[in-house]
file model23.cif (mmCIF, C-alpha atoms)
data_my_file
loop_
_atom_site.label_atom_id
_atom_site.label_comp_id
_atom_site.auth_asym_id
_atom_site.auth_seq_id
_atom_site.Cartn_x
_atom_site.Cartn_y
_atom_site.Cartn_z
CA MET A 1 -8.75 -109.87 48.93
CA ALA A 2 -5.41 -108.16 48.38
CA THR A 3 -5.49 -109.21 44.74
CA CYS A 4 -8.99 -107.79 44.34
CA PHE A 5 -7.90 -104.51 45.97
CA LEU A 6 -4.86 -104.23 43.73
CA SER A 7 -6.99 -104.96 40.70
CA SER A 8 -9.50 -102.28 41.69
CA TYR A 9 -6.70 -99.80 42.38
CA TRP A 10 -5.08 -100.59 39.04
CA LEU A 11 -8.37 -100.07 37.19
CA LYS A 12 -8.88 -96.71 38.87
CA GLN A 13 -5.40 -95.61 37.88
CA GLN A 14 -5.96 -96.72 34.31
CA PHE A 15 -9.27 -94.85 34.22
CA ILE A 16 -7.56 -91.65 35.43
CA ILE A 17 -4.85 -92.02 32.78
CA VAL A 18 -7.43 -92.58 30.04
CA VAL A 19 -9.44 -89.52 31.13
CA PHE A 20 -6.26 -87.43 31.22
CA LEU A 21 -5.19 -88.53 27.75
CA PHE A 22 -8.69 -87.93 26.37
CA THR A 23 -8.65 -84.41 27.81
CA VAL A 24 -5.25 -83.62 26.30
CA ILE A 25 -6.09 -85.09 22.89
CA SER A 26 -9.46 -83.33 22.83
CA SER A 27 -7.89 -79.98 23.64
CA ILE A 28 -5.29 -80.45 20.93
CA SER A 29 -7.95 -81.18 18.32
CA LEU A 30 -9.94 -78.05 19.20
CA PRO A 31 -9.47 -75.02 16.96
CA VAL A 32 -6.91 -72.59 18.30
CA ASN A 33 -8.53 -69.33 17.30
CA GLY A 34 -8.95 -65.88 18.72
CA CYS A 35 -5.66 -64.44 17.47
CA PHE A 36 -6.52 -63.79 13.84
CA THR A 37 -9.73 -63.83 11.86
CA SER A 38 -7.90 -64.61 8.63
CA ILE A 39 -4.55 -65.30 6.97
CA PHE A 40 -3.31 -63.82 3.71
CA SER A 41 -0.36 -65.53 2.08
CA PHE A 42 2.09 -64.44 -0.61
CA GLY A 43 4.99 -66.32 -2.15
CA ASP A 44 5.89 -69.09 -4.56
CA SER A 45 5.38 -72.87 -4.77
CA MET A 46 6.56 -73.32 -1.17
CA SER A 47 3.16 -71.93 -0.13
CA ASP A 48 0.98 -72.21 -3.26
CA THR A 49 -2.20 -74.18 -2.52
CA GLY A 50 -3.45 -74.29 -6.11
CA ASN A 51 -3.01 -70.95 -7.84
CA SER A 52 -0.44 -72.33 -10.26
CA ILE A 53 -3.10 -74.53 -11.88
CA GLU A 54 -5.19 -71.55 -12.95
CA ILE A 55 -2.19 -69.37 -13.85
CA SER A 56 -0.47 -72.12 -15.86
CA VAL A 57 -3.59 -72.92 -17.88
CA LEU A 58 -4.13 -69.20 -18.52
CA GLU A 59 -0.53 -68.53 -19.59
CA THR A 60 0.41 -71.79 -21.35
CA GLY A 61 -2.78 -73.81 -21.78
CA LYS A 62 -1.17 -76.66 -19.83
CA LEU A 63 -1.49 -77.99 -16.30
CA PRO A 64 1.57 -77.65 -14.03
CA ASP A 65 3.42 -80.63 -12.56
CA GLY A 66 1.71 -80.16 -9.19
CA ALA A 67 -1.64 -81.01 -10.79
CA PHE A 68 -0.57 -84.64 -11.32
CA PRO A 69 0.08 -87.62 -9.04
CA PRO A 70 1.91 -88.54 -6.91
CA ASN A 71 1.63 -84.98 -5.55
CA GLY A 72 -0.81 -84.90 -2.65
CA ARG A 73 -0.60 -88.64 -1.92
CA THR A 74 0.06 -88.44 1.85
CA PHE A 75 -2.73 -86.22 3.16
CA PHE A 76 -5.13 -85.16 0.43
CA HIS A 77 -4.78 -88.45 -1.50
CA ARG A 78 -5.03 -86.50 -4.75
CA PRO A 79 -3.17 -83.65 -6.46
CA THR A 80 -4.26 -80.19 -5.30
CA GLY A 81 -1.66 -78.00 -6.97
CA ARG A 82 0.62 -78.20 -3.93
CA ALA A 83 4.21 -79.17 -4.73
CA CYS A 84 4.32 -81.68 -1.89
CA ASP A 85 3.14 -85.11 -0.83
CA GLY A 86 0.82 -83.44 1.70
CA ARG A 87 0.44 -80.22 3.63
CA LEU A 88 2.59 -77.10 3.39
CA VAL A 89 3.70 -74.84 6.23
CA ILE A 90 0.83 -72.47 5.41
CA ASP A 91 -1.62 -75.38 5.80
CA PHE A 92 -0.29 -76.35 9.24
CA LEU A 93 -0.33 -72.70 10.23
CA ALA A 94 -4.00 -72.33 9.29
CA GLU A 95 -4.91 -75.57 11.08
CA ALA A 96 -3.21 -74.48 14.29
CA LEU A 97 -5.02 -71.14 14.28
CA GLY A 98 -8.39 -72.85 13.86
CA LEU A 99 -8.84 -71.62 10.30
CA PRO A 100 -9.60 -73.60 7.13
CA PHE A 101 -6.96 -74.21 4.48
CA LEU A 102 -6.45 -71.03 2.46
CA PRO A 103 -8.30 -71.08 -0.87
CA PRO A 104 -6.21 -70.13 -3.92
CA TYR A 105 -7.29 -66.67 -5.03
CA TYR A 106 -7.02 -67.21 -8.77
CA ARG A 107 -9.29 -70.25 -8.63
CA TYR A 108 -12.18 -68.55 -6.88
CA LYS A 109 -11.75 -64.82 -7.58
CA ASN A 110 -14.75 -64.79 -9.93
CA GLY A 111 -16.89 -66.95 -7.65
CA THR A 112 -18.62 -66.42 -4.33
CA SER A 113 -16.80 -64.25 -1.80
CA ASP A 114 -17.63 -66.57 1.13
CA LYS A 115 -14.64 -68.69 0.06
CA PHE A 116 -12.41 -65.88 1.32
CA GLU A 117 -13.94 -65.19 4.73
CA SER A 118 -11.02 -66.75 6.64
CA GLY A 119 -8.24 -65.71 4.32
CA VAL A 120 -6.87 -66.10 0.83
CA ASN A 121 -3.70 -67.49 -0.69
CA PHE A 122 -2.10 -65.33 -3.38
CA ALA A 123 1.12 -67.38 -3.64
CA VAL A 124 1.81 -68.73 -7.13
CA GLY A 125 4.16 -71.57 -7.96
CA GLY A 126 7.07 -70.25 -9.99
CA ALA A 127 6.54 -66.63 -8.93
CA GLY A 128 9.56 -64.43 -8.36
CA GLY A 129 10.36 -61.54 -6.11
CA LEU A 130 11.18 -59.46 -9.19
CA ASN A 131 8.95 -58.40 -12.06
CA SER A 132 9.20 -60.42 -15.27
CA SER A 133 10.56 -57.28 -16.96
CA PHE A 134 13.51 -57.05 -14.56
CA PRO A 135 16.72 -57.16 -16.64
CA GLY A 136 19.02 -60.14 -16.30
CA ILE A 137 16.51 -62.85 -15.32
CA TYR A 138 14.09 -64.76 -17.49
CA ASN A 139 11.34 -66.66 -15.69
CA PRO A 140 10.10 -69.45 -17.99
CA ASN A 141 7.39 -70.60 -15.57
CA THR A 142 5.15 -67.58 -15.04
CA ASN A 143 4.88 -63.82 -15.47
CA VAL A 144 3.53 -63.47 -11.92
CA SER A 145 5.73 -61.72 -9.37
CA LEU A 146 5.29 -60.65 -5.75
CA VAL A 147 4.17 -57.22 -6.96
CA ASP A 148 1.39 -58.87 -8.99
CA GLU A 149 0.26 -60.91 -5.99
CA VAL A 150 0.10 -57.82 -3.78
CA ASN A 151 -1.79 -55.91 -6.48
CA SER A 152 -4.33 -58.75 -6.64
CA PHE A 153 -4.71 -58.48 -2.88
CA ILE A 154 -5.31 -54.74 -3.10
CA GLN A 155 -8.00 -55.36 -5.73
CA PHE A 156 -9.54 -57.86 -3.33
CA LEU A 157 -9.47 -55.31 -0.49
CA ASN A 158 -11.06 -52.62 -2.66
CA LEU A 159 -14.21 -54.75 -2.86
CA ARG A 160 -14.62 -54.63 0.91
CA THR A 161 -15.83 -51.74 3.02
CA ASP A 162 -14.30 -53.21 6.21
CA PHE A 163 -10.78 -53.78 4.87
CA LYS A 164 -9.09 -51.70 7.60
CA GLN A 165 -10.52 -53.89 10.34
CA LEU A 166 -9.86 -57.00 8.26
CA LEU A 167 -6.17 -56.10 7.97
CA ARG A 168 -5.85 -55.30 11.68
CA ASN A 169 -7.14 -58.75 12.61
CA SER A 170 -5.23 -60.74 9.96
CA LEU A 171 -1.89 -62.49 9.79
CA ILE A 172 0.06 -61.62 6.64
CA VAL A 173 2.54 -64.30 5.56
CA MET A 174 5.02 -62.63 3.21
CA GLY A 175 7.06 -65.35 1.53
CA GLU A 176 9.23 -67.26 1.24
CA ILE A 177 9.95 -65.52 -2.09
CA GLY A 178 13.03 -64.94 -4.25
CA GLY A 179 14.13 -68.54 -4.60
CA ASN A 180 12.90 -68.75 -8.19
CA ASP A 181 14.77 -65.59 -9.22
CA TYR A 182 18.04 -67.04 -7.97
CA SER A 183 17.35 -70.48 -9.39
CA HIS A 184 16.58 -69.21 -12.89
CA ALA A 185 19.67 -66.98 -12.84
CA PHE A 186 21.95 -69.89 -11.91
CA LYS A 187 20.33 -72.20 -14.47
CA GLN A 188 20.82 -69.53 -17.14
CA GLY A 189 24.54 -69.53 -16.46
CA LYS A 190 24.88 -66.44 -14.28
CA SER A 191 27.93 -66.36 -12.01
CA ILE A 192 27.60 -66.11 -8.25
CA GLU A 193 28.81 -62.50 -8.50
CA ASP A 194 26.04 -61.70 -10.99
CA VAL A 195 23.35 -63.39 -8.91
CA ARG A 196 24.43 -61.47 -5.79
CA ASN A 197 23.34 -58.32 -7.59
CA PHE A 198 19.73 -59.56 -7.45
CA VAL A 199 19.64 -59.93 -3.65
CA LEU A 200 19.10 -56.25 -2.83
CA PRO A 201 16.25 -55.68 -5.34
CA ILE A 202 14.54 -58.91 -4.21
CA VAL A 203 14.71 -57.93 -0.54
CA ASP A 204 13.56 -54.44 -1.53
CA SER A 205 10.54 -55.99 -3.27
CA ILE A 206 9.64 -57.87 -0.07
CA THR A 207 10.03 -54.88 2.23
CA SER A 208 8.25 -52.54 -0.19
CA SER A 209 5.29 -54.93 -0.24
CA ILE A 210 5.24 -54.98 3.56
CA ASN A 211 5.36 -51.19 3.76
CA GLU A 212 2.55 -50.90 1.23
CA LEU A 213 0.32 -53.18 3.29
CA ILE A 214 1.22 -51.36 6.51
CA GLU A 215 0.02 -48.13 4.92
CA LEU A 216 -3.28 -49.87 4.17
CA GLY A 217 -3.66 -50.99 7.79
CA ALA A 218 -1.91 -54.37 8.13
CA VAL A 219 -0.37 -54.95 11.56
CA THR A 220 1.06 -58.48 11.90
CA PHE A 221 3.48 -60.09 9.45
CA LEU A 222 5.28 -63.41 9.36
CA VAL A 223 8.27 -63.10 7.00
CA PRO A 224 10.20 -66.29 6.22
CA GLY A 225 13.80 -66.22 5.05
CA ASN A 226 15.38 -68.36 2.37
CA PHE A 227 16.22 -72.06 2.78
CA PRO A 228 19.69 -73.66 2.70
CA VAL A 229 19.41 -74.19 -1.05
CA GLY A 230 22.84 -75.80 -1.18
CA CYS A 231 21.07 -78.89 0.17
CA PHE A 232 18.43 -78.98 -2.59
CA ALA A 233 18.68 -81.88 -5.04
CA SER A 234 17.98 -79.44 -7.88
CA TYR A 235 21.11 -77.39 -7.12
CA LEU A 236 23.20 -80.44 -6.22
CA THR A 237 22.32 -81.88 -9.63
CA LEU A 238 22.93 -78.59 -11.46
CA PHE A 239 26.39 -78.25 -9.91
CA GLN A 240 27.15 -81.97 -9.68
CA GLY A 241 30.85 -82.67 -9.98
CA SER A 242 31.95 -79.59 -8.05
CA ASP A 243 35.27 -79.75 -6.21
CA LYS A 244 35.13 -81.86 -3.06
CA ASP A 245 36.03 -78.91 -0.82
CA GLN A 246 32.83 -77.11 -1.90
CA TYR A 247 30.67 -79.66 -0.05
CA ASP A 248 29.95 -79.70 3.66
CA PRO A 249 31.51 -82.98 4.92
CA LEU A 250 28.68 -83.50 7.45
CA THR A 251 25.63 -82.77 5.31
CA GLY A 252 26.84 -83.12 1.73
CA CYS A 253 25.38 -79.68 0.92
CA LEU A 254 27.13 -77.09 -1.24
CA THR A 255 28.56 -74.60 1.26
CA TRP A 256 28.86 -71.63 -1.11
CA LEU A 257 25.16 -71.85 -2.01
CA ASN A 258 24.18 -72.00 1.65
CA GLN A 259 26.34 -68.97 2.30
CA PHE A 260 24.47 -67.22 -0.50
CA SER A 261 21.15 -67.99 1.23
CA GLN A 262 22.57 -66.63 4.48
CA ASN A 263 23.52 -63.39 2.76
CA HIS A 264 19.93 -63.01 1.51
CA ASN A 265 18.58 -63.68 4.99
CA GLN A 266 20.98 -61.30 6.72
CA LEU A 267 19.98 -58.45 4.43
CA LEU A 268 16.29 -59.30 4.84
CA ARG A 269 16.53 -59.26 8.64
CA LYS A 270 18.39 -55.95 8.54
CA GLU A 271 15.69 -54.36 6.39
CA LEU A 272 12.89 -55.80 8.54
CA GLU A 273 14.46 -54.17 11.58
CA LYS A 274 14.30 -50.83 9.79
CA ILE A 275 10.56 -51.33 9.24
CA ARG A 276 10.08 -52.16 12.93
CA ASN A 277 11.82 -48.93 13.88
CA LEU A 278 9.67 -46.92 11.45
CA HIS A 279 6.45 -48.65 12.51
CA PRO A 280 6.79 -49.63 16.20
CA ASP A 281 3.10 -50.57 16.41
CA THR A 282 3.47 -53.37 13.86
CA ASN A 283 4.34 -57.00 14.65
CA ILE A 284 6.96 -58.30 12.22
CA VAL A 285 8.12 -61.84 12.98
CA TYR A 286 11.03 -63.26 11.02
CA ALA A 287 10.68 -67.01 10.38
CA ASP A 288 14.13 -68.58 10.30
CA TYR A 289 13.58 -71.33 7.74
CA TYR A 290 17.32 -71.59 7.12
CA SER A 291 18.45 -72.52 10.63
CA THR A 292 15.42 -74.71 11.20
CA THR A 293 15.99 -76.96 8.21
CA LEU A 294 19.78 -76.93 8.56
CA ARG A 295 19.42 -78.46 12.03
CA ILE A 296 17.54 -81.34 10.43
CA TYR A 297 20.23 -81.79 7.78
CA ASN A 298 22.83 -81.86 10.55
CA SER A 299 21.00 -84.49 12.63
CA PRO A 300 18.49 -86.29 10.38
CA ASN A 301 18.23 -89.44 12.53
CA LYS A 302 17.15 -87.36 15.50
CA PHE A 303 14.09 -86.27 13.53
CA GLY A 304 13.32 -89.59 11.88
CA PHE A 305 14.74 -88.98 8.39
CA LYS A 306 16.72 -91.62 6.51
CA GLU A 307 17.31 -89.59 3.34
CA THR A 308 18.20 -85.90 3.32
CA LEU A 309 19.48 -84.96 -0.14
CA LYS A 310 17.87 -87.41 -2.53
CA ALA A 311 14.33 -86.59 -3.73
CA CYS A 312 11.47 -88.94 -2.87
CA CYS A 313 9.78 -88.34 -6.22
CA GLY A 314 12.11 -88.31 -9.21
CA THR A 315 13.63 -90.08 -12.19
CA GLY A 316 16.88 -91.49 -10.85
CA GLY A 317 20.46 -90.32 -10.68
CA LEU A 318 22.59 -89.49 -7.66
CA TYR A 319 19.95 -87.17 -6.17
CA ASN A 320 16.90 -88.67 -7.93
CA TYR A 321 16.32 -85.40 -9.75
CA ASN A 322 16.15 -84.46 -13.41
CA LEU A 323 16.31 -80.80 -14.42
CA SER A 324 13.88 -81.35 -17.32
CA ARG A 325 11.43 -83.85 -15.78
CA ALA A 326 9.88 -82.74 -12.51
CA CYS A 327 7.77 -84.84 -10.15
CA GLY A 328 4.29 -85.24 -11.59
CA TYR A 329 5.45 -84.51 -15.13
CA PRO A 330 3.42 -87.02 -17.19
CA PRO A 331 4.01 -89.91 -17.08
CA LEU A 332 6.34 -89.59 -14.04
CA ARG A 333 4.54 -91.32 -11.17
CA ARG A 334 7.53 -92.87 -9.39
CA CYS A 335 8.22 -92.00 -5.78
CA CYS A 336 9.59 -93.53 -2.59
CA ASN A 337 7.47 -95.81 -0.41
CA ASP A 338 7.67 -93.63 2.69
CA PRO A 339 7.83 -89.87 2.06
CA SER A 340 7.99 -89.20 5.81
CA SER A 341 11.51 -90.67 5.89
CA TYR A 342 12.68 -88.23 3.18
CA MET A 343 13.34 -84.52 3.60
CA SER A 344 13.03 -83.65 -0.09
CA TRP A 345 9.80 -84.39 -1.90
CA ASP A 346 10.79 -83.53 -5.48
CA GLY A 347 14.27 -82.03 -5.30
CA ILE A 348 13.02 -78.49 -4.67
CA HIS A 349 10.21 -78.74 -2.12
CA TYR A 350 10.06 -80.44 1.26
CA THR A 351 7.89 -83.34 2.34
CA GLU A 352 4.95 -82.84 4.68
CA ALA A 353 7.07 -84.28 7.50
CA VAL A 354 9.59 -81.43 7.18
CA ASN A 355 6.86 -78.81 6.78
CA ARG A 356 5.35 -79.94 10.07
CA LEU A 357 8.68 -79.47 11.87
CA ILE A 358 9.16 -76.04 10.30
CA THR A 359 5.72 -75.01 11.54
CA ASN A 360 6.61 -76.06 15.10
CA VAL A 361 9.54 -73.65 15.04
CA VAL A 362 7.47 -70.91 13.38
CA PHE A 363 5.07 -71.07 16.32
CA GLU A 364 7.94 -70.86 18.75
CA GLU A 365 9.08 -67.72 16.95
CA LEU A 366 5.54 -66.34 17.20
CA MET A 367 5.52 -67.12 20.92
CA ASN A 368 8.84 -65.33 21.34
CA SER A 369 7.02 -62.26 20.04
CA ILE A 370 4.32 -62.72 22.66
CA HIS A 371 4.62 -59.13 23.90
CA SER A 372 3.39 -58.03 20.49
CA LEU A 373 0.69 -60.67 20.22
CA ASN A 374 -0.91 -60.01 23.60
CA ASN A 375 -3.16 -57.37 22.05
CA LEU A 376 -4.36 -59.88 19.45
CA CYS A 377 -4.53 -63.22 21.27
CA PRO A 378 -6.62 -63.98 24.35
CA ALA A 379 -4.59 -65.47 27.22
CA SER A 380 -6.49 -68.76 26.86
CA THR A 381 -5.44 -69.02 23.22
CA ILE A 382 -1.80 -68.29 24.04
CA ASN A 383 -1.80 -70.99 26.71
CA LYS A 384 -3.38 -73.45 24.29
CA LEU A 385 -0.78 -72.63 21.64
CA ARG A 386 1.97 -73.32 24.16
CA MET A 387 0.43 -76.71 24.94
CA ILE A 388 -0.04 -77.73 21.30
CA TYR A 389 3.32 -76.34 20.24
CA PRO A 390 5.63 -76.78 23.24
CA LYS A 391 9.15 -75.39 23.03
CA SER A 392 10.75 -77.09 20.07
CA GLU A 393 13.70 -79.42 20.56
CA MET A 394 15.10 -78.08 17.32
#
call {"tool": "encode", "arguments": {"input": "model23.cif", "output": "structure tokens"}}
result
Amino acid sequence: MATCFLSSYWLKQQFIIVVFLFTVISSISLPVNGCFTSIFSFGDSMSDTGNSIEISVLETGKLPDGAFPPNGRTFFHRPTGRACDGRLVIDFLAEALGLPFLPPYYRYKNGTSDKFESGVNFAVGGAGGLNSSFPGIYNPNTNVSLVDEVNSFIQFLNLRTDFKQLLRNSLIVMGEIGGNDYSHAFKQGKSIEDVRNFVLPIVDSITSSINELIELGAVTFLVPGNFPVGCFASYLTLFQGSDKDQYDPLTGCLTWLNQFSQNHNQLLRKELEKIRNLHPDTNIVYADYYSTTLRIYNSPNKFGFKETLKACCGTGGLYNYNLSRACGYPPLRRCCNDPSSYMSWDGIHYTEAVNRLITNVVFEELMNSIHSLNNLCPASTINKLRMIYPKSEM
């Protein structure tokens, strides 16, 4: 009898646990909407969801590397134009807010407008923060700059009669941008002193774009900073053989390049604060990509990564990166067996696993701005966001 009672009690407990888990899992899978009706994204290949395919064919008649396998293998199981094995930060962001993945503007701009009801992605792989005519930098990948992306957005808005309301209810993701300008300058032999001269005009391009959209009616911006590029396989390969004291003994990253990224970010944050003071009714959230990813480099095992500096997809060498043969470049199909154990996908871009962690922290930063978001997000949505994205351990 006692055995039967214990068995019945055990079954009831198991049933309660199952119901609880089902409730939690179901709530996590529900769309988290109510904050924004749409997202508009600007930037480079860190957030490009396919624009580079159209732009590259238009400018060169050739498909970009991201249009070939093994790009897209983890989630989409096919190349989509994303420079990643799976989803980007902008993809996770859209998912969490209950919105579909952002369609690339240049693919659908001449098609039906219903593709753009929940947002549009204007980010183009290879794009710079500076115009192609800016003296001192040559961009061999594309003529598209942040100014061009914003101008395309304004053309898009001009076709709508409700653009003021659309902007009020939208999240604008401005960047990350500027990484290509710096990269091309270094590859073209510019000294660190010369490249520092580009930081102010790049930050000015970002803040000018934000101010222009504020004047049109935009209210909420997410503005990512630059990454610790001294940890990128592309830079580590470019400057391979540097003096030992130039490397961080813990991470193996080039310290002077990471300091350069910090300088960019410090100036960007300073200028964003000026915009907040000029426009107190706007919500401008800085996304600290640098500190987020550096914490992973400092403690990779804590986050499940076995390889931090070497690229998953590449052609060999110390960092599995070749400056002239990028991942996806035909017939390059080689990549690691488990991208989720690597931080770097192709020597420049992160794997989906890292992008997911970055998004967790981005949401924490959004929640820290909760006083600004209260007017946009229903309390139920805020509570759900806190459940899905609890305080990050990062």
call {"tool": "resolve_selection", "arguments": {"input": "model23.cif", "expression": "the PyMOL selection byres ((chain A and resi 310) around 12)", "output": "PyMOL selection string"}}
result
chain A and resi 231-237+251-253+297+305-309+311-322+335-336+339+341-351
call {"tool": "closest_residue", "arguments": {"input": "model23.cif", "among": "A:Asp245, A:Asp281, A:Glu54, A:Asp44", "to": "Gly125 of chain A", "atoms": "only C-alpha atoms"}}
result
A:Asp44
call {"tool": "atom_distance", "arguments": {"input": "model23.cif", "atom1": "atom CA of Leu93 of chain A", "atom2": "atom CA of Leu357 of chain A"}}
result
11.4 Å
call {"tool": "residues_around", "arguments": {"input": "model23.cif", "residues": "segment 174-188 of chain A", "least_positions_apart": "2", "cutoff": "6 Å", "atoms": "only C-alpha atoms", "output": "PyMOL selection string"}}
result
chain A and resi 42-44+128-129+137+190+223-224
call {"tool": "residues_around", "arguments": {"input": "model23.cif", "residues": "Phe68 of chain A", "least_positions_apart": "3", "cutoff": "10 Å", "atoms": "all atoms listed in the file", "output": "list in words"}}
result
Leu63, Pro64, Asp65, Asn71, Gly72, Arg78, Pro79, Thr80, Gly81, Arg82, Ala83, Cys327, Gly328, Tyr329, Pro330, Pro331, Leu332 and Arg333 of chain A
call {"tool": "write_last_selection", "arguments": {"input": "model23.cif", "atoms": "C-alpha atoms", "output": "mmCIF file, in the coordinates of the input"}}
result
data_model
loop_
_atom_site.group_PDB
_atom_site.id
_atom_site.type_symbol
_atom_site.label_atom_id
_atom_site.label_comp_id
_atom_site.auth_asym_id
_atom_site.auth_seq_id
_atom_site.Cartn_x
_atom_site.Cartn_y
_atom_site.Cartn_z
ATOM 1 C CA LEU A 63 -1.490 -77.990 -16.300
ATOM 2 C CA PRO A 64 1.570 -77.650 -14.030
ATOM 3 C CA ASP A 65 3.420 -80.630 -12.560
ATOM 4 C CA ASN A 71 1.630 -84.980 -5.550
ATOM 5 C CA GLY A 72 -0.810 -84.900 -2.650
ATOM 6 C CA ARG A 78 -5.030 -86.500 -4.750
ATOM 7 C CA PRO A 79 -3.170 -83.650 -6.460
ATOM 8 C CA THR A 80 -4.260 -80.190 -5.300
ATOM 9 C CA GLY A 81 -1.660 -78.000 -6.970
ATOM 10 C CA ARG A 82 0.620 -78.200 -3.930
ATOM 11 C CA ALA A 83 4.210 -79.170 -4.730
ATOM 12 C CA CYS A 327 7.770 -84.840 -10.150
ATOM 13 C CA GLY A 328 4.290 -85.240 -11.590
ATOM 14 C CA TYR A 329 5.450 -84.510 -15.130
ATOM 15 C CA PRO A 330 3.420 -87.020 -17.190
ATOM 16 C CA PRO A 331 4.010 -89.910 -17.080
ATOM 17 C CA LEU A 332 6.340 -89.590 -14.040
ATOM 18 C CA ARG A 333 4.540 -91.320 -11.170
#
call {"tool": "closest_residue", "arguments": {"input": "model23.cif", "among": "A:Ala67, A:Ser41, A:Thr142, A:Asp85", "to": "Glu352 of chain A", "atoms": "all atoms listed in the file"}}
result
A:Asp85
call {"tool": "closest_atom_pairs", "arguments": {"input": "model23.cif", "of": "segment 202-233 of chain A", "to": "segment 154-172 of chain A", "cutoff": "10 Å", "atoms": "all atoms listed in the file", "output": "CSV"}}
result
residue,atom,partner,partner_atom,distance
A:Ile210,CA,A:Ile172,CA,9.0
A:Glu212,CA,A:Ile154,CA,9.8
A:Leu213,CA,A:Leu167,CA,8.5
A:Ile214,CA,A:Leu167,CA,8.9
A:Leu216,CA,A:Lys164,CA,7.0
A:Gly217,CA,A:Lys164,CA,5.5
A:Ala218,CA,A:Leu167,CA,4.6
A:Val219,CA,A:Arg168,CA,5.5
A:Thr220,CA,A:Leu171,CA,5.4
A:Phe221,CA,A:Ile172,CA,4.7
A:Leu222,CA,A:Ile172,CA,6.2
A:Val223,CA,A:Ile172,CA,8.4
call {"tool": "resolve_selection", "arguments": {"input": "model23.cif", "expression": "the PyMOL selection byres ((chain A and resi 268) around 12)", "output": "PyMOL selection string"}}
result
chain A and resi 174-178+199-208+210+223-226+261-267+269-275+284-288
call {"tool": "residues_around", "arguments": {"input": "model23.cif", "residues": "Pro104 of chain A", "least_positions_apart": "6", "cutoff": "12 Å", "atoms": "all atoms listed in the file", "output": "number ranges by chain"}}
result
A: 40-43, 45, 47-55, 80-82, 90-91, 110-111, 115-116, 119-125, 149, 152-153
call {"tool": "atom_distance", "arguments": {"input": "model23.cif", "atom1": "atom CA of Arg334 of chain A", "atom2": "atom CA of Gly304 of chain A"}}
result
22.3 Å
call {"tool": "atom_distance", "arguments": {"input": "model23.cif", "atom1": "atom CA of Ile358 of chain A", "atom2": "atom CA of Ala127 of chain A"}}
result
21.6 Å
